[in-house]
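Text of target11.pdb (PDB, C-alpha atoms and all ligand atoms) as supplied:
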```pdb
MODEL        1
ATOM      1  CA  MET A   1    -168.489 201.506 -95.411  1.00  0.00           C
ATOM      2  CA  PRO A   2    -165.348 203.251 -94.181  1.00  0.00           C
ATOM      3  CA  VAL A   3    -162.666 201.279 -92.448  1.00  0.00           C
ATOM      4  CA  THR A   4    -162.161 202.543 -88.949  1.00  0.00           C
ATOM      5  CA  SER A   5    -158.951 202.022 -87.091  1.00  0.00           C
ATOM      6  CA  ARG A   6    -158.946 200.985 -83.520  1.00  0.00           C
ATOM      7  CA  PRO A   7    -157.659 203.521 -81.046  1.00  0.00           C
ATOM      8  CA  SER A   8    -154.005 202.814 -80.368  1.00  0.00           C
ATOM      9  CA  GLN A   9    -153.223 201.334 -77.010  1.00  0.00           C
ATOM     10  CA  PRO A  10    -149.815 200.530 -75.607  1.00  0.00           C
ATOM     11  CA  SER A  11    -149.239 196.855 -76.122  1.00  0.00           C
ATOM     12  CA  VAL A  12    -147.845 194.683 -73.364  1.00  0.00           C
ATOM     13  CA  ARG A  13    -144.747 194.290 -75.494  1.00  0.00           C
ATOM     14  CA  ASN A  14    -144.162 198.047 -75.708  1.00  0.00           C
ATOM     15  CA  VAL A  15    -144.652 198.491 -71.985  1.00  0.00           C
ATOM     16  CA  LEU A  16    -142.140 195.745 -71.270  1.00  0.00           C
ATOM     17  CA  ALA A  17    -139.656 197.250 -73.714  1.00  0.00           C
ATOM     18  CA  ALA A  18    -139.953 200.663 -72.068  1.00  0.00           C
ATOM     19  CA  GLY A  19    -139.400 199.113 -68.662  1.00  0.00           C
ATOM     20  CA  LEU A  20    -136.340 197.256 -69.883  1.00  0.00           C
ATOM     21  CA  LEU A  21    -134.869 200.419 -71.386  1.00  0.00           C
ATOM     22  CA  ALA A  22    -135.437 202.278 -68.131  1.00  0.00           C
ATOM     23  CA  ALA A  23    -133.762 199.492 -66.193  1.00  0.00           C
ATOM     24  CA  CYS A  24    -130.764 199.541 -68.539  1.00  0.00           C
ATOM     25  CA  ALA A  25    -130.463 203.318 -68.253  1.00  0.00           C
ATOM     26  CA  THR A  26    -130.501 203.018 -64.469  1.00  0.00           C
ATOM     27  CA  PHE A  27    -127.843 200.315 -64.570  1.00  0.00           C
ATOM     28  CA  GLN A  28    -125.607 202.276 -66.911  1.00  0.00           C
ATOM     29  CA  SER A  29    -125.850 205.491 -64.968  1.00  0.00           C
ATOM     30  CA  ALA A  30    -125.033 203.840 -61.636  1.00  0.00           C
ATOM     31  CA  PRO A  31    -121.557 204.769 -60.514  1.00  0.00           C
ATOM     32  CA  ALA A  32    -119.135 201.899 -60.924  1.00  0.00           C
ATOM     33  CA  SER A  33    -117.375 201.526 -57.627  1.00  0.00           C
ATOM     34  CA  ALA A  34    -114.406 199.255 -57.362  1.00  0.00           C
ATOM     35  CA  GLU A  35    -114.943 196.275 -55.120  1.00  0.00           C
ATOM     36  CA  SER A  36    -112.872 193.546 -53.581  1.00  0.00           C
ATOM     37  CA  ARG A  37    -113.740 190.274 -55.301  1.00  0.00           C
ATOM     38  CA  PHE A  38    -112.748 186.801 -54.100  1.00  0.00           C
ATOM     39  CA  PHE A  39    -112.894 183.551 -56.060  1.00  0.00           C
ATOM     40  CA  THR A  40    -111.748 180.027 -55.356  1.00  0.00           C
ATOM     41  CA  VAL A  41    -110.345 178.320 -58.451  1.00  0.00           C
ATOM     42  CA  LEU A  42    -109.889 174.550 -58.285  1.00  0.00           C
ATOM     43  CA  ALA A  43    -107.447 172.462 -60.291  1.00  0.00           C
ATOM     44  CA  VAL A  44    -109.570 169.406 -61.021  1.00  0.00           C
ATOM     45  CA  GLU A  45    -109.659 166.413 -63.334  1.00  0.00           C
ATOM     46  CA  PRO A  46    -113.125 165.193 -64.322  1.00  0.00           C
ATOM     47  CA  ARG A  47    -112.876 161.520 -65.267  1.00  0.00           C
ATOM     48  CA  GLY A  48    -114.993 158.935 -67.000  1.00  0.00           C
ATOM     49  CA  GLY A  49    -114.453 155.232 -67.475  1.00  0.00           C
ATOM     50  CA  VAL A  50    -116.018 152.056 -68.792  1.00  0.00           C
ATOM     51  CA  THR A  51    -115.115 148.463 -69.656  1.00  0.00           C
ATOM     52  CA  THR A  52    -114.340 147.279 -73.174  1.00  0.00           C
ATOM     53  CA  ASP A  53    -117.257 144.841 -73.170  1.00  0.00           C
ATOM     54  CA  ARG A  54    -119.551 147.880 -73.109  1.00  0.00           C
ATOM     55  CA  GLU A  55    -117.567 150.457 -75.147  1.00  0.00           C
ATOM     56  CA  PRO A  56    -114.375 149.899 -77.160  1.00  0.00           C
ATOM     57  CA  PHE A  57    -111.200 151.783 -76.256  1.00  0.00           C
ATOM     58  CA  PRO A  58    -110.880 154.704 -78.736  1.00  0.00           C
ATOM     59  CA  THR A  59    -108.593 154.112 -81.701  1.00  0.00           C
ATOM     60  CA  GLN A  60    -107.966 157.851 -82.223  1.00  0.00           C
ATOM     61  CA  PRO A  61    -105.753 159.576 -79.635  1.00  0.00           C
ATOM     62  CA  LEU A  62    -106.952 162.795 -78.056  1.00  0.00           C
ATOM     63  CA  PRO A  63    -105.086 166.003 -78.979  1.00  0.00           C
ATOM     64  CA  GLY A  64    -101.688 166.391 -77.302  1.00  0.00           C
ATOM     65  CA  GLY A  65    -100.595 169.063 -74.869  1.00  0.00           C
ATOM     66  CA  GLY A  66    -100.943 167.219 -71.583  1.00  0.00           C
ATOM     67  CA  GLY A  67    -104.465 168.345 -70.739  1.00  0.00           C
ATOM     68  CA  TYR A  68    -106.231 165.195 -71.895  1.00  0.00           C
ATOM     69  CA  VAL A  69    -105.401 161.803 -70.448  1.00  0.00           C
ATOM     70  CA  THR A  70    -106.468 158.356 -71.616  1.00  0.00           C
ATOM     71  CA  ASN A  71    -105.643 155.250 -69.661  1.00  0.00           C
ATOM     72  CA  PRO A  72    -105.794 152.065 -71.775  1.00  0.00           C
ATOM     73  CA  PRO A  73    -107.762 149.046 -70.604  1.00  0.00           C
ATOM     74  CA  ASN A  74    -106.480 147.434 -67.426  1.00  0.00           C
ATOM     75  CA  ALA A  75    -106.588 143.707 -66.582  1.00  0.00           C
ATOM     76  CA  GLN A  76    -110.345 143.933 -66.078  1.00  0.00           C
ATOM     77  CA  GLY A  77    -110.836 145.733 -69.387  1.00  0.00           C
ATOM     78  CA  ARG A  78    -111.629 149.090 -67.811  1.00  0.00           C
ATOM     79  CA  TRP A  79    -110.327 152.198 -69.580  1.00  0.00           C
ATOM     80  CA  GLU A  80    -110.584 155.835 -68.541  1.00  0.00           C
ATOM     81  CA  VAL A  81    -110.417 159.315 -69.952  1.00  0.00           C
ATOM     82  CA  SER A  82    -109.968 162.616 -68.119  1.00  0.00           C
ATOM     83  CA  ALA A  83    -109.089 166.255 -68.649  1.00  0.00           C
ATOM     84  CA  TYR A  84    -107.402 168.787 -66.389  1.00  0.00           C
ATOM     85  CA  VAL A  85    -109.410 171.989 -66.021  1.00  0.00           C
ATOM     86  CA  TRP A  86    -109.826 175.042 -63.848  1.00  0.00           C
ATOM     87  CA  GLN A  87    -113.129 175.271 -62.059  1.00  0.00           C
ATOM     88  CA  PRO A  88    -114.473 177.840 -62.666  1.00  0.00           C
ATOM     89  CA  SER A  89    -112.755 178.572 -65.973  1.00  0.00           C
ATOM     90  CA  GLN A  90    -114.371 181.968 -66.507  1.00  0.00           C
ATOM     91  CA  ILE A  91    -114.322 184.766 -63.953  1.00  0.00           C
ATOM     92  CA  VAL A  92    -115.969 188.136 -64.530  1.00  0.00           C
ATOM     93  CA  VAL A  93    -114.991 191.298 -62.655  1.00  0.00           C
ATOM     94  CA  ASN A  94    -115.245 195.033 -63.215  1.00  0.00           C
ATOM     95  CA  GLN A  95    -112.319 197.181 -64.204  1.00  0.00           C
ATOM     96  CA  GLY A  96    -110.786 198.642 -61.079  1.00  0.00           C
ATOM     97  CA  ASP A  97    -111.762 195.771 -58.802  1.00  0.00           C
ATOM     98  CA  GLU A  98    -109.223 194.318 -56.432  1.00  0.00           C
ATOM     99  CA  VAL A  99    -109.295 190.649 -57.395  1.00  0.00           C
ATOM    100  CA  THR A 100    -108.185 187.788 -55.186  1.00  0.00           C
ATOM    101  CA  LEU A 101    -107.972 184.343 -56.732  1.00  0.00           C
ATOM    102  CA  GLU A 102    -107.365 181.431 -54.406  1.00  0.00           C
ATOM    103  CA  PHE A 103    -106.092 178.526 -56.478  1.00  0.00           C
ATOM    104  CA  VAL A 104    -106.425 175.114 -54.817  1.00  0.00           C
ATOM    105  CA  GLY A 105    -104.773 171.953 -56.109  1.00  0.00           C
ATOM    106  CA  ILE A 106    -107.163 168.990 -56.021  1.00  0.00           C
ATOM    107  CA  ASN A 107    -105.995 166.779 -58.903  1.00  0.00           C
ATOM    108  CA  GLY A 108    -102.548 166.639 -60.482  1.00  0.00           C
ATOM    109  CA  ALA A 109     -99.207 166.856 -58.670  1.00  0.00           C
ATOM    110  CA  GLU A 110     -98.467 170.417 -59.752  1.00  0.00           C
ATOM    111  CA  HIS A 111     -99.572 173.125 -62.128  1.00  0.00           C
ATOM    112  CA  PRO A 112     -97.082 175.808 -63.228  1.00  0.00           C
ATOM    113  CA  THR A 113     -99.461 178.711 -63.645  1.00  0.00           C
ATOM    114  CA  THR A 114     -99.221 182.183 -65.131  1.00  0.00           C
ATOM    115  CA  ILE A 115    -101.559 185.159 -65.311  1.00  0.00           C
ATOM    116  CA  THR A 116     -99.271 187.075 -67.610  1.00  0.00           C
ATOM    117  CA  ALA A 117    -101.390 190.223 -67.891  1.00  0.00           C
ATOM    118  CA  PHE A 118    -101.221 190.805 -64.140  1.00  0.00           C
ATOM    119  CA  GLY A 119     -97.677 189.666 -63.498  1.00  0.00           C
ATOM    120  CA  GLN A 120     -98.515 186.448 -61.652  1.00  0.00           C
ATOM    121  CA  SER A 121     -96.460 183.265 -61.918  1.00  0.00           C
ATOM    122  CA  PHE A 122     -96.476 180.363 -59.465  1.00  0.00           C
ATOM    123  CA  THR A 123     -96.605 176.590 -59.182  1.00  0.00           C
ATOM    124  CA  LEU A 124     -99.753 175.176 -57.623  1.00  0.00           C
ATOM    125  CA  LYS A 125     -99.257 171.851 -55.872  1.00  0.00           C
ATOM    126  CA  ARG A 126    -101.878 169.312 -54.882  1.00  0.00           C
ATOM    127  CA  GLY A 127    -103.186 169.915 -51.393  1.00  0.00           C
ATOM    128  CA  HIS A 128    -101.978 173.502 -51.379  1.00  0.00           C
ATOM    129  CA  ALA A 129    -103.662 176.836 -51.842  1.00  0.00           C
ATOM    130  CA  HIS A 130    -101.982 179.720 -53.612  1.00  0.00           C
ATOM    131  CA  ARG A 131    -103.609 183.117 -53.267  1.00  0.00           C
ATOM    132  CA  VAL A 132    -102.913 186.004 -55.632  1.00  0.00           C
ATOM    133  CA  THR A 133    -104.280 189.530 -55.356  1.00  0.00           C
ATOM    134  CA  PHE A 134    -104.070 192.231 -57.993  1.00  0.00           C
ATOM    135  CA  ARG A 135    -105.928 195.252 -59.295  1.00  0.00           C
ATOM    136  CA  ALA A 136    -107.834 194.553 -62.525  1.00  0.00           C
ATOM    137  CA  ASP A 137    -106.716 197.891 -63.899  1.00  0.00           C
ATOM    138  CA  ARG A 138    -107.425 197.216 -67.573  1.00  0.00           C
ATOM    139  CA  ALA A 139    -110.420 195.847 -69.409  1.00  0.00           C
ATOM    140  CA  GLY A 140    -110.264 192.790 -71.590  1.00  0.00           C
ATOM    141  CA  MET A 141    -110.016 189.017 -71.461  1.00  0.00           C
ATOM    142  CA  PHE A 142    -106.924 187.582 -69.823  1.00  0.00           C
ATOM    143  CA  GLY A 143    -105.801 183.994 -69.458  1.00  0.00           C
ATOM    144  CA  PHE A 144    -104.853 182.037 -66.374  1.00  0.00           C
ATOM    145  CA  VAL A 145    -102.884 179.205 -67.821  1.00  0.00           C
ATOM    146  CA  CYS A 146    -101.313 175.977 -66.595  1.00  0.00           C
ATOM    147  CA  GLY A 147     -98.204 175.262 -68.640  1.00  0.00           C
ATOM    148  CA  THR A 148     -98.382 171.473 -68.437  1.00  0.00           C
ATOM    149  CA  HIS A 149    -102.070 170.757 -69.085  1.00  0.00           C
ATOM    150  CA  GLN A 150    -103.061 172.231 -72.411  1.00  0.00           C
ATOM    151  CA  PRO A 151    -105.286 173.036 -74.142  1.00  0.00           C
ATOM    152  CA  SER A 152    -107.866 172.349 -71.467  1.00  0.00           C
ATOM    153  CA  MET A 153    -106.365 174.102 -68.457  1.00  0.00           C
ATOM    154  CA  THR A 154    -106.752 177.674 -69.643  1.00  0.00           C
ATOM    155  CA  GLY A 155    -109.141 180.000 -67.848  1.00  0.00           C
ATOM    156  CA  SER A 156    -110.329 183.469 -68.729  1.00  0.00           C
ATOM    157  CA  LEU A 157    -110.471 186.467 -66.436  1.00  0.00           C
ATOM    158  CA  ILE A 158    -112.969 188.805 -68.064  1.00  0.00           C
ATOM    159  CA  VAL A 159    -112.578 192.419 -66.946  1.00  0.00           C
ATOM    160  CA  LEU A 160    -115.571 194.527 -67.934  1.00  0.00           C
ATOM    161  CA  PRO A 161    -114.670 198.106 -68.883  1.00  0.00           C
ATOM    162  CA  LYS A 162    -115.695 201.058 -66.781  1.00  0.00           C
ATOM    163  CA  PRO A 163    -118.832 202.609 -68.290  1.00  0.00           C
TER     164      PRO A 163
HETATM  165 CU    CU B   1    -102.161 171.824 -64.756  1.00  0.00          CU
ENDMDL
END
```

Please lay out the structure from this file as C-alpha cells.
Ligand SMILES: [Cu+2]
Amino acid sequence: MPVTSRPSQPSVRNVLAAGLLAACATFQSAPASAESRFFTVLAVEPRGGVTTDREPFPTQPLPGGGGYVTNPPNAQGRWEVSAYVWQPSQIVVNQGDEVTLEFVGINGAEHPTTITAFGQSFTLKRGHAHRVTFRADRAGMFGFVCGTHQPSMTGSLIVLPKP
C-alpha cells in the first residue's frame, strides 16, 4: 500500500513567522525622525540593614571605589549596606534625537558627573536638579559617570544607529 503524504497546509508557526517578518520590515522601513526625549535620572542609594543577632556583619569588605557603603553594627547591633546608583541606569534613544537628562540628587551630598562623549560635566548636589540637553549625534553606548561613587554609579546612554 503506497504511502500518501498529506496535503501541505501552512502551519500556525509559519503564519506567525511571516507576520513577524512583515512587522519587522514595516518597522525597518519607517523613516527615523529625530525626536526630543526627556528623562529624569535620580541619584539614589538603596539600603538594607539587619541586626547581628539575625545575620552576622560581613567579614569581607565590599570592593572599593566609593560606590558601596557598609556601616558596622551600632550600639543596638544593627548594621547596614548600601550602594549609590543612577535610576534609571540605562537610557535608550535614537541617533539624532535631542536628549534632555534631568539629574536629581536624592541621596549623597554631591556627585561630580561627566558624560564625556557629549561634553557634559557638572556636580549634582542633593536637593538640586541639573538639566543637560544635547544632540545624540553618534551611535553607540556612552557612560554617565559619577566620579566619587564607583563602580556602581555608572549609567549607559545607548544611542541606536539610524537604519
Ligand atoms: Cu555619586

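CA of Arg138 (chain A) to CA of Thr154 (chain A) spans 19.7 Å [interatomic distance, one decimal].
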
Spatial neighbours of Val85 (chain A), 10 Å, only C-alpha atoms, chain gap at least 4 places, as a VMD selection string: chain A and resid 41 to 46 67 to 68 89 107 145 to 146 149 to 155

For ligand CU 1 (chain B), the nearest of the candidates A:Ala109, A:Met141, A:Val159, A:Val132, counting all atoms listed in the file: A:Ala109

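Straight-line separation from CA of Gln76 (chain A) to CA of Pro58 (chain A): 16.6 Å.
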
Given the PyMOL selection byres (((chain A and resi 118) around 10) and not hetatm), the residues it picks as number ranges by chain: A: 114-117, 119-121, 132-138, 142-144

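Picture a line from CA of Glu55 (chain A) to CA of Ser82 (chain A); it runs 16.0 Å.
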
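Shortest separation to Ile106 (chain A) among A:Pro88, A:Val93, A:Lys125, A:Phe57 occurs at residue A:Lys125, atoms counted being all atoms listed in the file.
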
Reconstructed all heavy atoms for region 67-78 of chain A, given as an mmCIF file, in the frame of the given file:
```
data_model
loop_
_atom_site.group_PDB
_atom_site.id
_atom_site.type_symbol
_atom_site.label_atom_id
_atom_site.label_comp_id
_atom_site.auth_asym_id
_atom_site.auth_seq_id
_atom_site.Cartn_x
_atom_site.Cartn_y
_atom_site.Cartn_z
ATOM 1 N N GLY A 67 -103.211 168.082 -71.448
ATOM 2 C CA GLY A 67 -104.465 168.345 -70.739
ATOM 3 C C GLY A 67 -105.418 167.179 -70.735
ATOM 4 O O GLY A 67 -106.215 167.033 -69.813
ATOM 5 N N TYR A 68 -105.335 166.340 -71.788
ATOM 6 C CA TYR A 68 -106.231 165.195 -71.895
ATOM 7 C C TYR A 68 -105.451 163.924 -71.587
ATOM 8 O O TYR A 68 -104.304 163.774 -72.027
ATOM 9 C CB TYR A 68 -106.813 165.087 -73.307
ATOM 10 C CG TYR A 68 -107.449 166.354 -73.822
ATOM 11 C CD1 TYR A 68 -107.185 166.798 -75.112
ATOM 12 C CD2 TYR A 68 -108.315 167.095 -73.035
ATOM 13 C CE1 TYR A 68 -107.764 167.956 -75.608
ATOM 14 C CE2 TYR A 68 -108.900 168.254 -73.521
ATOM 15 C CZ TYR A 68 -108.619 168.684 -74.814
ATOM 16 O OH TYR A 68 -109.193 169.821 -75.286
ATOM 17 N N VAL A 69 -106.083 163.038 -70.857
ATOM 18 C CA VAL A 69 -105.401 161.803 -70.448
ATOM 19 C C VAL A 69 -106.311 160.631 -70.783
ATOM 20 O O VAL A 69 -107.499 160.637 -70.446
ATOM 21 C CB VAL A 69 -105.115 161.812 -68.931
ATOM 22 C CG1 VAL A 69 -104.420 160.524 -68.519
ATOM 23 C CG2 VAL A 69 -104.281 163.031 -68.548
ATOM 24 N N THR A 70 -105.745 159.617 -71.436
ATOM 25 C CA THR A 70 -106.468 158.356 -71.616
ATOM 26 C C THR A 70 -105.633 157.244 -71.007
ATOM 27 O O THR A 70 -104.423 157.181 -71.215
ATOM 28 C CB THR A 70 -106.719 158.041 -73.103
ATOM 29 O OG1 THR A 70 -105.495 158.164 -73.823
ATOM 30 C CG2 THR A 70 -107.760 158.957 -73.707
ATOM 31 N N ASN A 71 -106.291 156.424 -70.236
ATOM 32 C CA ASN A 71 -105.643 155.250 -69.661
ATOM 33 C C ASN A 71 -106.192 154.015 -70.365
ATOM 34 O O ASN A 71 -107.404 153.779 -70.349
ATOM 35 C CB ASN A 71 -105.905 155.168 -68.156
ATOM 36 C CG ASN A 71 -105.244 156.313 -67.405
ATOM 37 O OD1 ASN A 71 -104.101 156.662 -67.677
ATOM 38 N ND2 ASN A 71 -105.970 156.927 -66.487
ATOM 39 N N PRO A 72 -105.320 153.223 -71.018
ATOM 40 C CA PRO A 72 -105.794 152.065 -71.775
ATOM 41 C C PRO A 72 -106.399 151.010 -70.854
ATOM 42 O O PRO A 72 -106.250 151.076 -69.627
ATOM 43 C CB PRO A 72 -104.524 151.558 -72.463
ATOM 44 C CG PRO A 72 -103.395 152.102 -71.669
ATOM 45 C CD PRO A 72 -103.869 153.384 -71.062
ATOM 46 N N PRO A 73 -107.086 150.056 -71.430
ATOM 47 C CA PRO A 73 -107.762 149.046 -70.604
ATOM 48 C C PRO A 73 -106.806 148.333 -69.651
ATOM 49 O O PRO A 73 -105.697 147.958 -70.028
ATOM 50 C CB PRO A 73 -108.327 148.072 -71.647
ATOM 51 C CG PRO A 73 -108.463 148.881 -72.893
ATOM 52 C CD PRO A 73 -107.337 149.876 -72.861
ATOM 53 N N ASN A 74 -107.263 148.174 -68.405
ATOM 54 C CA ASN A 74 -106.480 147.434 -67.426
ATOM 55 C C ASN A 74 -106.832 145.939 -67.514
ATOM 56 O O ASN A 74 -107.516 145.516 -68.463
ATOM 57 C CB ASN A 74 -106.699 147.997 -66.025
ATOM 58 C CG ASN A 74 -108.149 147.846 -65.547
ATOM 59 O OD1 ASN A 74 -108.934 147.090 -66.134
ATOM 60 N ND2 ASN A 74 -108.498 148.559 -64.493
ATOM 61 N N ALA A 75 -106.386 145.162 -66.532
ATOM 62 C CA ALA A 75 -106.588 143.707 -66.582
ATOM 63 C C ALA A 75 -108.070 143.334 -66.616
ATOM 64 O O ALA A 75 -108.444 142.282 -67.150
ATOM 65 C CB ALA A 75 -105.909 143.056 -65.383
ATOM 66 N N GLN A 76 -108.896 144.200 -66.076
ATOM 67 C CA GLN A 76 -110.345 143.933 -66.078
ATOM 68 C C GLN A 76 -111.044 144.551 -67.303
ATOM 69 O O GLN A 76 -112.270 144.483 -67.414
ATOM 70 C CB GLN A 76 -110.995 144.476 -64.800
ATOM 71 C CG GLN A 76 -110.654 143.697 -63.535
ATOM 72 C CD GLN A 76 -109.216 143.944 -63.052
ATOM 73 O OE1 GLN A 76 -108.736 145.066 -63.053
ATOM 74 N NE2 GLN A 76 -108.522 142.863 -62.690
ATOM 75 N N GLY A 77 -110.259 145.141 -68.181
ATOM 76 C CA GLY A 77 -110.836 145.733 -69.387
ATOM 77 C C GLY A 77 -111.377 147.132 -69.200
ATOM 78 O O GLY A 77 -111.996 147.691 -70.103
ATOM 79 N N ARG A 78 -111.117 147.739 -68.037
ATOM 80 C CA ARG A 78 -111.629 149.090 -67.811
ATOM 81 C C ARG A 78 -110.646 150.128 -68.338
ATOM 82 O O ARG A 78 -109.451 150.077 -68.051
ATOM 83 C CB ARG A 78 -111.860 149.331 -66.319
ATOM 84 C CG ARG A 78 -112.393 150.737 -66.011
ATOM 85 C CD ARG A 78 -112.664 150.952 -64.531
ATOM 86 N NE ARG A 78 -112.971 152.340 -64.239
ATOM 87 C CZ ARG A 78 -114.183 152.896 -64.416
ATOM 88 N NH1 ARG A 78 -115.182 152.169 -64.863
ATOM 89 N NH2 ARG A 78 -114.396 154.177 -64.135
#
```
